[in-house]
Structures are given as structure tokens and as C-alpha cells.
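entry-v3.txt follows (compact mmCIF, N, CA and C atoms):
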# COMPACT_ATOMS: atom_id res chain seq x y z
N HIS A 1 28.95 51.59 -97.03
CA HIS A 1 28.56 52.97 -97.06
C HIS A 1 28.11 53.42 -98.45
N LEU A 2 28.79 52.92 -99.48
CA LEU A 2 28.45 53.34 -100.84
C LEU A 2 27.06 52.89 -101.24
N ALA A 3 26.68 51.70 -100.81
CA ALA A 3 25.34 51.20 -101.13
C ALA A 3 24.27 52.08 -100.50
N ALA A 4 24.52 52.54 -99.27
CA ALA A 4 23.56 53.40 -98.59
C ALA A 4 23.43 54.75 -99.31
N VAL A 5 24.54 55.28 -99.78
CA VAL A 5 24.53 56.55 -100.51
C VAL A 5 23.76 56.39 -101.82
N THR A 6 24.05 55.32 -102.54
CA THR A 6 23.36 55.06 -103.80
C THR A 6 21.85 54.92 -103.58
N LYS A 7 21.47 54.20 -102.55
CA LYS A 7 20.04 54.00 -102.24
C LYS A 7 19.37 55.34 -101.91
N ALA A 8 20.00 56.17 -101.09
CA ALA A 8 19.43 57.46 -100.72
C ALA A 8 19.30 58.38 -101.94
N ALA A 9 20.31 58.38 -102.79
CA ALA A 9 20.27 59.22 -103.99
C ALA A 9 19.15 58.77 -104.92
N THR A 10 19.04 57.47 -105.12
CA THR A 10 17.99 56.93 -105.99
C THR A 10 16.61 57.29 -105.45
N LYS A 11 16.43 57.14 -104.14
CA LYS A 11 15.16 57.47 -103.51
C LYS A 11 14.81 58.95 -103.70
N ALA A 12 15.84 59.81 -103.71
CA ALA A 12 15.63 61.25 -103.87
C ALA A 12 15.54 61.66 -105.34
N GLY A 13 15.71 60.68 -106.24
CA GLY A 13 15.64 60.99 -107.66
C GLY A 13 16.90 61.65 -108.21
N VAL A 14 18.02 61.44 -107.53
CA VAL A 14 19.29 62.04 -107.93
C VAL A 14 20.17 60.97 -108.57
N ALA A 15 20.69 61.27 -109.74
CA ALA A 15 21.61 60.34 -110.40
C ALA A 15 22.88 60.24 -109.58
N CYS A 16 23.34 59.03 -109.35
CA CYS A 16 24.50 58.83 -108.49
C CYS A 16 25.24 57.58 -108.94
N GLU A 17 26.54 57.70 -109.03
CA GLU A 17 27.39 56.54 -109.28
C GLU A 17 28.52 56.59 -108.28
N CYS A 18 28.56 55.64 -107.38
CA CYS A 18 29.61 55.58 -106.36
C CYS A 18 30.69 54.62 -106.82
N VAL A 19 31.92 54.95 -106.50
CA VAL A 19 33.05 54.11 -106.87
C VAL A 19 34.07 54.15 -105.75
N ALA A 20 34.68 53.01 -105.47
CA ALA A 20 35.76 52.92 -104.49
C ALA A 20 37.08 52.84 -105.24
N VAL A 21 38.02 53.68 -104.85
CA VAL A 21 39.32 53.75 -105.52
C VAL A 21 40.41 53.49 -104.49
N THR A 22 41.38 52.69 -104.85
CA THR A 22 42.50 52.43 -103.96
C THR A 22 43.80 52.85 -104.64
N GLY A 23 44.80 53.11 -103.85
CA GLY A 23 46.10 53.49 -104.39
C GLY A 23 47.05 53.85 -103.28
N ASP A 24 48.32 53.94 -103.61
CA ASP A 24 49.33 54.30 -102.62
C ASP A 24 49.19 55.76 -102.17
N PHE A 25 48.65 56.59 -103.04
CA PHE A 25 48.46 58.00 -102.75
C PHE A 25 46.98 58.33 -102.95
N PRO A 26 46.17 58.22 -101.89
CA PRO A 26 44.72 58.36 -102.02
C PRO A 26 44.25 59.64 -102.70
N ALA A 27 44.82 60.78 -102.34
CA ALA A 27 44.37 62.04 -102.94
C ALA A 27 44.58 62.03 -104.45
N GLU A 28 45.74 61.56 -104.89
CA GLU A 28 46.02 61.50 -106.32
C GLU A 28 45.07 60.54 -107.03
N ALA A 29 44.75 59.41 -106.38
CA ALA A 29 43.84 58.43 -106.97
C ALA A 29 42.44 59.01 -107.09
N ILE A 30 42.01 59.75 -106.08
CA ILE A 30 40.67 60.36 -106.11
C ILE A 30 40.57 61.38 -107.23
N VAL A 31 41.55 62.25 -107.33
CA VAL A 31 41.54 63.29 -108.37
C VAL A 31 41.61 62.65 -109.76
N ALA A 32 42.48 61.66 -109.93
CA ALA A 32 42.61 61.00 -111.23
C ALA A 32 41.32 60.30 -111.65
N GLU A 33 40.66 59.64 -110.72
CA GLU A 33 39.40 58.94 -111.03
C GLU A 33 38.30 59.94 -111.37
N ALA A 34 38.25 61.05 -110.63
CA ALA A 34 37.26 62.08 -110.92
C ALA A 34 37.47 62.67 -112.31
N LYS A 35 38.72 62.88 -112.70
CA LYS A 35 39.02 63.37 -114.05
C LYS A 35 38.62 62.34 -115.09
N ARG A 36 38.98 61.07 -114.84
CA ARG A 36 38.68 60.00 -115.79
C ARG A 36 37.18 59.87 -116.03
N ARG A 37 36.40 60.05 -114.97
CA ARG A 37 34.95 59.91 -115.07
C ARG A 37 34.26 61.23 -115.44
N LYS A 38 35.05 62.29 -115.64
CA LYS A 38 34.53 63.61 -116.00
C LYS A 38 33.49 64.09 -114.98
N CYS A 39 33.85 63.98 -113.71
CA CYS A 39 32.96 64.38 -112.61
C CYS A 39 32.81 65.90 -112.56
N ASP A 40 31.65 66.34 -112.09
CA ASP A 40 31.38 67.76 -111.88
C ASP A 40 31.81 68.20 -110.49
N LEU A 41 31.89 67.24 -109.55
CA LEU A 41 32.11 67.56 -108.15
C LEU A 41 32.73 66.38 -107.43
N ILE A 42 33.63 66.65 -106.51
CA ILE A 42 34.17 65.64 -105.60
C ILE A 42 33.62 65.98 -104.22
N PHE A 43 32.98 65.03 -103.57
CA PHE A 43 32.44 65.23 -102.22
C PHE A 43 33.28 64.43 -101.24
N MET A 44 33.76 65.07 -100.19
CA MET A 44 34.58 64.40 -99.19
C MET A 44 34.18 64.83 -97.79
N ALA A 45 34.46 63.98 -96.83
CA ALA A 45 34.28 64.32 -95.42
C ALA A 45 35.63 64.76 -94.86
N SER A 46 35.59 65.61 -93.86
CA SER A 46 36.84 66.11 -93.28
C SER A 46 37.34 65.21 -92.15
N HIS A 47 36.48 64.42 -91.56
CA HIS A 47 36.82 63.53 -90.44
C HIS A 47 37.37 64.29 -89.25
N SER A 48 36.98 65.55 -89.09
CA SER A 48 37.46 66.34 -87.96
C SER A 48 36.69 66.00 -86.70
N ARG A 49 37.27 66.37 -85.59
CA ARG A 49 36.65 66.18 -84.28
C ARG A 49 36.19 67.55 -83.78
N SER A 50 36.04 67.68 -82.46
CA SER A 50 35.65 68.97 -81.89
C SER A 50 36.90 69.73 -81.45
N GLY A 51 36.72 70.98 -81.06
CA GLY A 51 37.84 71.78 -80.59
C GLY A 51 38.79 72.15 -81.71
N LEU A 52 40.07 72.23 -81.39
CA LEU A 52 41.09 72.62 -82.36
C LEU A 52 41.12 71.71 -83.58
N PRO A 53 41.04 70.37 -83.43
CA PRO A 53 41.03 69.52 -84.62
C PRO A 53 39.87 69.82 -85.57
N ALA A 54 38.77 70.39 -85.05
CA ALA A 54 37.62 70.71 -85.90
C ALA A 54 37.97 71.81 -86.90
N LEU A 55 38.99 72.59 -86.60
CA LEU A 55 39.40 73.66 -87.50
C LEU A 55 40.25 73.14 -88.66
N LEU A 56 40.74 71.93 -88.53
CA LEU A 56 41.64 71.36 -89.52
C LEU A 56 40.92 70.33 -90.37
N LEU A 57 41.24 70.29 -91.64
CA LEU A 57 40.70 69.26 -92.51
C LEU A 57 41.59 68.04 -92.45
N GLY A 58 41.05 66.89 -92.81
CA GLY A 58 41.86 65.69 -92.91
C GLY A 58 42.95 65.90 -93.96
N SER A 59 44.08 65.25 -93.78
CA SER A 59 45.22 65.48 -94.68
C SER A 59 44.90 65.09 -96.12
N GLU A 60 44.18 64.00 -96.35
CA GLU A 60 43.85 63.61 -97.72
C GLU A 60 42.85 64.58 -98.34
N THR A 61 41.91 65.04 -97.55
CA THR A 61 40.95 66.04 -98.04
C THR A 61 41.69 67.30 -98.44
N ARG A 62 42.63 67.73 -97.62
CA ARG A 62 43.42 68.93 -97.92
C ARG A 62 44.21 68.74 -99.22
N LYS A 63 44.78 67.56 -99.42
CA LYS A 63 45.55 67.29 -100.64
C LYS A 63 44.64 67.32 -101.88
N VAL A 64 43.44 66.75 -101.76
CA VAL A 64 42.50 66.78 -102.89
C VAL A 64 42.13 68.23 -103.21
N LEU A 65 41.87 69.02 -102.18
CA LEU A 65 41.54 70.43 -102.40
C LEU A 65 42.67 71.16 -103.13
N GLN A 66 43.91 70.83 -102.81
CA GLN A 66 45.05 71.47 -103.44
C GLN A 66 45.29 71.01 -104.86
N GLU A 67 45.04 69.72 -105.13
CA GLU A 67 45.39 69.13 -106.43
C GLU A 67 44.27 69.20 -107.45
N SER A 68 43.02 69.27 -107.02
CA SER A 68 41.90 69.15 -107.94
C SER A 68 41.52 70.47 -108.59
N LYS A 69 41.26 70.40 -109.89
CA LYS A 69 40.68 71.54 -110.59
C LYS A 69 39.16 71.40 -110.63
N ILE A 70 38.67 70.22 -110.24
CA ILE A 70 37.24 69.95 -110.11
C ILE A 70 36.80 70.49 -108.75
N PRO A 71 35.64 71.14 -108.65
CA PRO A 71 35.18 71.62 -107.34
C PRO A 71 35.08 70.48 -106.33
N VAL A 72 35.44 70.79 -105.07
CA VAL A 72 35.41 69.81 -103.98
C VAL A 72 34.49 70.35 -102.90
N LEU A 73 33.50 69.55 -102.52
CA LEU A 73 32.59 69.90 -101.44
C LEU A 73 33.01 69.08 -100.22
N VAL A 74 33.31 69.78 -99.11
CA VAL A 74 33.79 69.11 -97.90
C VAL A 74 32.73 69.21 -96.82
N ASP A 75 32.36 68.06 -96.27
CA ASP A 75 31.38 67.97 -95.19
C ASP A 75 32.12 67.81 -93.87
N ARG A 76 31.86 68.74 -92.94
CA ARG A 76 32.48 68.61 -91.62
C ARG A 76 31.51 67.90 -90.74
With the file now loaded, output its structure as C-alpha cells.
Amino acid sequence: HLAAVTKAATKAGVACECVAVTGDFPAEAIVAEAKRRKCDLIFMASHSRSGLPALLLGSETRKVLQESKIPVLVDR
């Protein structure tokens, strides 16, 4: 997936650096890596379905929103 994102961004003339981060606590790892790289924005998907679950964000996305001082853009 990251290669496809990088290719699309390059084609659109947008600077993009994708990175995969692992850890026991994904939200903390995402926020820490974004801080380390001095990111302007964290982009995440909500992984919601239709109906009632569509109103809820994924648990890791919710944690990143709570922990991050960096703006977070969530795609439903």
C-alpha cells in the first residue's frame, strides 16, 4: 500500500515519505514517529463500516487523535 501512495503522490507532484512503524502500542508508535520526523500532519483511515459502526472511529485512530498534538486527518 505504501508504494502505491508514494507513486500517486509523486505523480501528483506532492512530496511524500511513507514509513511503516511497528510496536506494542500502535497509537503511541505512530505519534512518536510523527514527532521524530517533525510531521505536519498524520493521515489515518477509520476502518469503519456502515450503520452504527460508521459513526465510530477505529480504536487506534481514536487514541492517535487523543494523544497527538500534530493535526490528524481521518478518512472514513
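Neighbours of Val19 of chain A closer than or equal to 7 Å, with all atoms listed in the file counted and sequence neighbours fewer than 2 positions away skipped, come out as Leu2, Glu17 and Val21 of chain A.
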Backbone DSSP call of alpha helix (DSSP H) for chain A, listed as an MDAnalysis selection string: chainID A and resid 2:11 26:36 59:67
Based on the selection just made, write N, CA and C atoms of those residues as a PDB file, keeping the file's coordinate frame.
ATOM      1  N   LEU A   2      28.790  52.920 -99.480  1.00  0.00           N
ATOM      2  CA  LEU A   2      28.450  53.340-100.840  1.00  0.00           C
ATOM      3  C   LEU A   2      27.060  52.890-101.240  1.00  0.00           C
ATOM      4  N   ALA A   3      26.680  51.700-100.810  1.00  0.00           N
ATOM      5  CA  ALA A   3      25.340  51.200-101.130  1.00  0.00           C
ATOM      6  C   ALA A   3      24.270  52.080-100.500  1.00  0.00           C
ATOM      7  N   ALA A   4      24.520  52.540 -99.270  1.00  0.00           N
ATOM      8  CA  ALA A   4      23.560  53.400 -98.590  1.00  0.00           C
ATOM      9  C   ALA A   4      23.430  54.750 -99.310  1.00  0.00           C
ATOM     10  N   VAL A   5      24.540  55.280 -99.780  1.00  0.00           N
ATOM     11  CA  VAL A   5      24.530  56.550-100.510  1.00  0.00           C
ATOM     12  C   VAL A   5      23.760  56.390-101.820  1.00  0.00           C
ATOM     13  N   THR A   6      24.050  55.320-102.540  1.00  0.00           N
ATOM     14  CA  THR A   6      23.360  55.060-103.800  1.00  0.00           C
ATOM     15  C   THR A   6      21.850  54.920-103.580  1.00  0.00           C
ATOM     16  N   LYS A   7      21.470  54.200-102.550  1.00  0.00           N
ATOM     17  CA  LYS A   7      20.040  54.000-102.240  1.00  0.00           C
ATOM     18  C   LYS A   7      19.370  55.340-101.910  1.00  0.00           C
ATOM     19  N   ALA A   8      20.000  56.170-101.090  1.00  0.00           N
ATOM     20  CA  ALA A   8      19.430  57.460-100.720  1.00  0.00           C
ATOM     21  C   ALA A   8      19.300  58.380-101.940  1.00  0.00           C
ATOM     22  N   ALA A   9      20.310  58.380-102.790  1.00  0.00           N
ATOM     23  CA  ALA A   9      20.270  59.220-103.990  1.00  0.00           C
ATOM     24  C   ALA A   9      19.150  58.770-104.920  1.00  0.00           C
ATOM     25  N   THR A  10      19.040  57.470-105.120  1.00  0.00           N
ATOM     26  CA  THR A  10      17.990  56.930-105.990  1.00  0.00           C
ATOM     27  C   THR A  10      16.610  57.290-105.450  1.00  0.00           C
ATOM     28  N   LYS A  11      16.430  57.140-104.140  1.00  0.00           N
ATOM     29  CA  LYS A  11      15.160  57.470-103.510  1.00  0.00           C
ATOM     30  C   LYS A  11      14.810  58.950-103.700  1.00  0.00           C
ATOM     31  N   PRO A  26      46.170  58.220-101.890  1.00  0.00           N
ATOM     32  CA  PRO A  26      44.720  58.360-102.020  1.00  0.00           C
ATOM     33  C   PRO A  26      44.250  59.640-102.700  1.00  0.00           C
ATOM     34  N   ALA A  27      44.820  60.780-102.340  1.00  0.00           N
ATOM     35  CA  ALA A  27      44.370  62.040-102.940  1.00  0.00           C
ATOM     36  C   ALA A  27      44.580  62.030-104.450  1.00  0.00           C
ATOM     37  N   GLU A  28      45.740  61.560-104.890  1.00  0.00           N
ATOM     38  CA  GLU A  28      46.020  61.500-106.320  1.00  0.00           C
ATOM     39  C   GLU A  28      45.070  60.540-107.030  1.00  0.00           C
ATOM     40  N   ALA A  29      44.750  59.410-106.380  1.00  0.00           N
ATOM     41  CA  ALA A  29      43.840  58.430-106.970  1.00  0.00           C
ATOM     42  C   ALA A  29      42.440  59.010-107.090  1.00  0.00           C
ATOM     43  N   ILE A  30      42.010  59.750-106.080  1.00  0.00           N
ATOM     44  CA  ILE A  30      40.670  60.360-106.110  1.00  0.00           C
ATOM     45  C   ILE A  30      40.570  61.380-107.230  1.00  0.00           C
ATOM     46  N   VAL A  31      41.550  62.250-107.330  1.00  0.00           N
ATOM     47  CA  VAL A  31      41.540  63.290-108.370  1.00  0.00           C
ATOM     48  C   VAL A  31      41.610  62.650-109.760  1.00  0.00           C
ATOM     49  N   ALA A  32      42.480  61.660-109.930  1.00  0.00           N
ATOM     50  CA  ALA A  32      42.610  61.000-111.230  1.00  0.00           C
ATOM     51  C   ALA A  32      41.320  60.300-111.650  1.00  0.00           C
ATOM     52  N   GLU A  33      40.660  59.640-110.720  1.00  0.00           N
ATOM     53  CA  GLU A  33      39.400  58.940-111.030  1.00  0.00           C
ATOM     54  C   GLU A  33      38.300  59.940-111.370  1.00  0.00           C
ATOM     55  N   ALA A  34      38.250  61.050-110.630  1.00  0.00           N
ATOM     56  CA  ALA A  34      37.260  62.080-110.920  1.00  0.00           C
ATOM     57  C   ALA A  34      37.470  62.670-112.310  1.00  0.00           C
ATOM     58  N   LYS A  35      38.720  62.880-112.700  1.00  0.00           N
ATOM     59  CA  LYS A  35      39.020  63.370-114.050  1.00  0.00           C
ATOM     60  C   LYS A  35      38.620  62.340-115.090  1.00  0.00           C
ATOM     61  N   ARG A  36      38.980  61.070-114.840  1.00  0.00           N
ATOM     62  CA  ARG A  36      38.680  60.000-115.790  1.00  0.00           C
ATOM     63  C   ARG A  36      37.180  59.870-116.030  1.00  0.00           C
ATOM     64  N   SER A  59      44.080  65.250 -93.780  1.00  0.00           N
ATOM     65  CA  SER A  59      45.220  65.480 -94.680  1.00  0.00           C
ATOM     66  C   SER A  59      44.900  65.090 -96.120  1.00  0.00           C
ATOM     67  N   GLU A  60      44.180  64.000 -96.350  1.00  0.00           N
ATOM     68  CA  GLU A  60      43.850  63.610 -97.720  1.00  0.00           C
ATOM     69  C   GLU A  60      42.850  64.580 -98.340  1.00  0.00           C
ATOM     70  N   THR A  61      41.910  65.040 -97.550  1.00  0.00           N
ATOM     71  CA  THR A  61      40.950  66.040 -98.040  1.00  0.00           C
ATOM     72  C   THR A  61      41.690  67.300 -98.440  1.00  0.00           C
ATOM     73  N   ARG A  62      42.630  67.730 -97.620  1.00  0.00           N
ATOM     74  CA  ARG A  62      43.420  68.930 -97.920  1.00  0.00           C
ATOM     75  C   ARG A  62      44.210  68.740 -99.220  1.00  0.00           C
ATOM     76  N   LYS A  63      44.780  67.560 -99.420  1.00  0.00           N
ATOM     77  CA  LYS A  63      45.550  67.290-100.640  1.00  0.00           C
ATOM     78  C   LYS A  63      44.640  67.320-101.880  1.00  0.00           C
ATOM     79  N   VAL A  64      43.440  66.750-101.760  1.00  0.00           N
ATOM     80  CA  VAL A  64      42.500  66.780-102.890  1.00  0.00           C
ATOM     81  C   VAL A  64      42.130  68.230-103.210  1.00  0.00           C
ATOM     82  N   LEU A  65      41.870  69.020-102.180  1.00  0.00           N
ATOM     83  CA  LEU A  65      41.540  70.430-102.400  1.00  0.00           C
ATOM     84  C   LEU A  65      42.670  71.160-103.130  1.00  0.00           C
ATOM     85  N   GLN A  66      43.910  70.830-102.810  1.00  0.00           N
ATOM     86  CA  GLN A  66      45.050  71.470-103.440  1.00  0.00           C
ATOM     87  C   GLN A  66      45.290  71.010-104.860  1.00  0.00           C
ATOM     88  N   GLU A  67      45.040  69.720-105.130  1.00  0.00           N
ATOM     89  CA  GLU A  67      45.390  69.130-106.430  1.00  0.00           C
ATOM     90  C   GLU A  67      44.270  69.200-107.450  1.00  0.00           C
TER      91      GLU A  67
END
Given all atoms listed in the file as the counted atoms, nearest of A:Ala34, A:Ala27, A:Leu41, A:Thr10 to Leu65 of chain A: A:Ala27
Where's the centre, and what are the edge lengths in Å to one decimal, of a box along x, y and z enclosing all listed atoms of segment 4-21 of chain A padded 6 Å per side, as lines of an AutoDock Vina configuration file?
center_x = 27.6
center_y = 57.3
center_z = -104.5
size_x = 37.6
size_y = 21.5
size_z = 23.8
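Residue nearest Glu28 of chain A within the list A:Lys7, A:Gly13, A:Glu60, A:Arg76: A:Glu60 [criterion: smallest interatomic distance, all atoms listed in the file].
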Surrounding residues of Ile70 of chain A excluding itself and chain neighbours under 5 positions, 10 Å, only C-alpha atoms, as a ChimeraX atom specification: /A:31,34-35,38-42,64-65
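Across A:Thr61, A:Ala45, A:Pro71, A:Gln66, the tightest approach to Pro26 of chain A is made by A:Thr61 when counting all atoms listed in the file.
The spacing separating atom CA of Glu67 of chain A from atom CA of Ile30 of chain A amounts to 10.0 Å.
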For Cys16 of chain A: contacts at 9 Å, only C-alpha atoms, fewer than 4 positions along chain excluded, given as a ChimeraX atom specification: /A:5-6,9-10
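The shortest atom-to-atom distance to Ser59 of chain A, with all atoms listed in the file taken into account, belongs to A:Ser46 out of A:Glu33, A:Ser46, A:Val72, A:Ala12.
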Atom-to-atom span, atom N of Ala32 of chain A and atom N of Asp75 of chain A, Å: 18.2 Å
In chain A, DSSP strand (DSSP E or B) residues written as a ChimeraX atom specification: /A:42-45,72-75
Separation of atom CA of Met44 of chain A from atom CA of Ala8 of chain A in Å: 16.7 Å
Reconstructed all heavy atoms for segment 31-42 of chain A, given as a compact mmCIF listing (two decimals), in the frame of the given file:
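Output saved as part-v6.txt:
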# COMPACT_ATOMS: atom_id res chain seq x y z
N VAL A 31 41.55 62.25 -107.33
CA VAL A 31 41.54 63.29 -108.37
C VAL A 31 41.61 62.65 -109.76
O VAL A 31 40.88 63.04 -110.67
CB VAL A 31 42.68 64.30 -108.15
CG1 VAL A 31 42.79 65.27 -109.32
CG2 VAL A 31 42.46 65.07 -106.85
N ALA A 32 42.48 61.66 -109.93
CA ALA A 32 42.61 61.00 -111.23
C ALA A 32 41.32 60.30 -111.65
O ALA A 32 40.91 60.39 -112.82
CB ALA A 32 43.76 59.99 -111.20
N GLU A 33 40.66 59.64 -110.72
CA GLU A 33 39.40 58.94 -111.03
C GLU A 33 38.30 59.94 -111.37
O GLU A 33 37.51 59.73 -112.29
CB GLU A 33 38.98 58.04 -109.88
CG GLU A 33 37.77 57.18 -110.17
CD GLU A 33 38.02 56.11 -111.23
OE1 GLU A 33 39.18 55.83 -111.59
OE2 GLU A 33 37.01 55.53 -111.70
N ALA A 34 38.25 61.05 -110.63
CA ALA A 34 37.26 62.08 -110.92
C ALA A 34 37.47 62.67 -112.31
O ALA A 34 36.51 62.90 -113.05
CB ALA A 34 37.32 63.18 -109.86
N LYS A 35 38.72 62.88 -112.70
CA LYS A 35 39.02 63.37 -114.05
C LYS A 35 38.62 62.34 -115.09
O LYS A 35 38.01 62.67 -116.11
CB LYS A 35 40.52 63.67 -114.20
CG LYS A 35 40.97 64.93 -113.54
CD LYS A 35 42.47 65.12 -113.76
CE LYS A 35 43.02 66.28 -113.00
NZ LYS A 35 44.47 66.39 -113.15
N ARG A 36 38.98 61.07 -114.84
CA ARG A 36 38.68 60.00 -115.79
C ARG A 36 37.18 59.87 -116.03
O ARG A 36 36.73 59.65 -117.15
CB ARG A 36 39.24 58.67 -115.27
CG ARG A 36 39.16 57.53 -116.27
CD ARG A 36 39.76 56.25 -115.71
NE ARG A 36 38.88 55.55 -114.82
CZ ARG A 36 37.80 54.87 -115.19
NH1 ARG A 36 37.44 54.83 -116.46
NH2 ARG A 36 37.05 54.24 -114.31
N ARG A 37 36.40 60.05 -114.97
CA ARG A 37 34.95 59.91 -115.07
C ARG A 37 34.26 61.23 -115.44
O ARG A 37 33.05 61.30 -115.50
CB ARG A 37 34.38 59.39 -113.75
CG ARG A 37 34.79 57.96 -113.49
CD ARG A 37 34.26 57.50 -112.13
NE ARG A 37 34.52 56.09 -111.95
CZ ARG A 37 33.66 55.13 -112.30
NH1 ARG A 37 32.50 55.44 -112.83
NH2 ARG A 37 33.98 53.88 -112.11
N LYS A 38 35.05 62.29 -115.64
CA LYS A 38 34.53 63.61 -116.00
C LYS A 38 33.49 64.09 -114.98
O LYS A 38 32.41 64.56 -115.33
CB LYS A 38 33.97 63.60 -117.41
CG LYS A 38 35.03 63.29 -118.44
CD LYS A 38 34.49 63.29 -119.83
CE LYS A 38 35.68 63.05 -120.75
NZ LYS A 38 35.42 62.30 -121.90
N CYS A 39 33.85 63.98 -113.71
CA CYS A 39 32.96 64.38 -112.61
C CYS A 39 32.81 65.90 -112.56
O CYS A 39 33.74 66.64 -112.90
CB CYS A 39 33.50 63.88 -111.27
SG CYS A 39 33.46 62.09 -111.11
N ASP A 40 31.65 66.34 -112.09
CA ASP A 40 31.38 67.76 -111.88
C ASP A 40 31.81 68.20 -110.49
O ASP A 40 32.01 69.38 -110.25
CB ASP A 40 29.88 68.04 -112.00
CG ASP A 40 29.32 67.72 -113.36
OD1 ASP A 40 30.08 67.78 -114.34
OD2 ASP A 40 28.12 67.42 -113.44
N LEU A 41 31.89 67.24 -109.55
CA LEU A 41 32.11 67.56 -108.15
C LEU A 41 32.73 66.38 -107.43
O LEU A 41 32.39 65.23 -107.71
CB LEU A 41 30.77 67.91 -107.48
CG LEU A 41 30.77 68.20 -105.99
CD1 LEU A 41 31.41 69.57 -105.73
CD2 LEU A 41 29.36 68.16 -105.44
N ILE A 42 33.63 66.65 -106.51
CA ILE A 42 34.17 65.64 -105.60
C ILE A 42 33.62 65.98 -104.22
O ILE A 42 33.75 67.12 -103.75
CB ILE A 42 35.70 65.66 -105.57
CG1 ILE A 42 36.27 65.33 -106.95
CG2 ILE A 42 36.23 64.68 -104.51
CD1 ILE A 42 37.78 65.54 -107.07
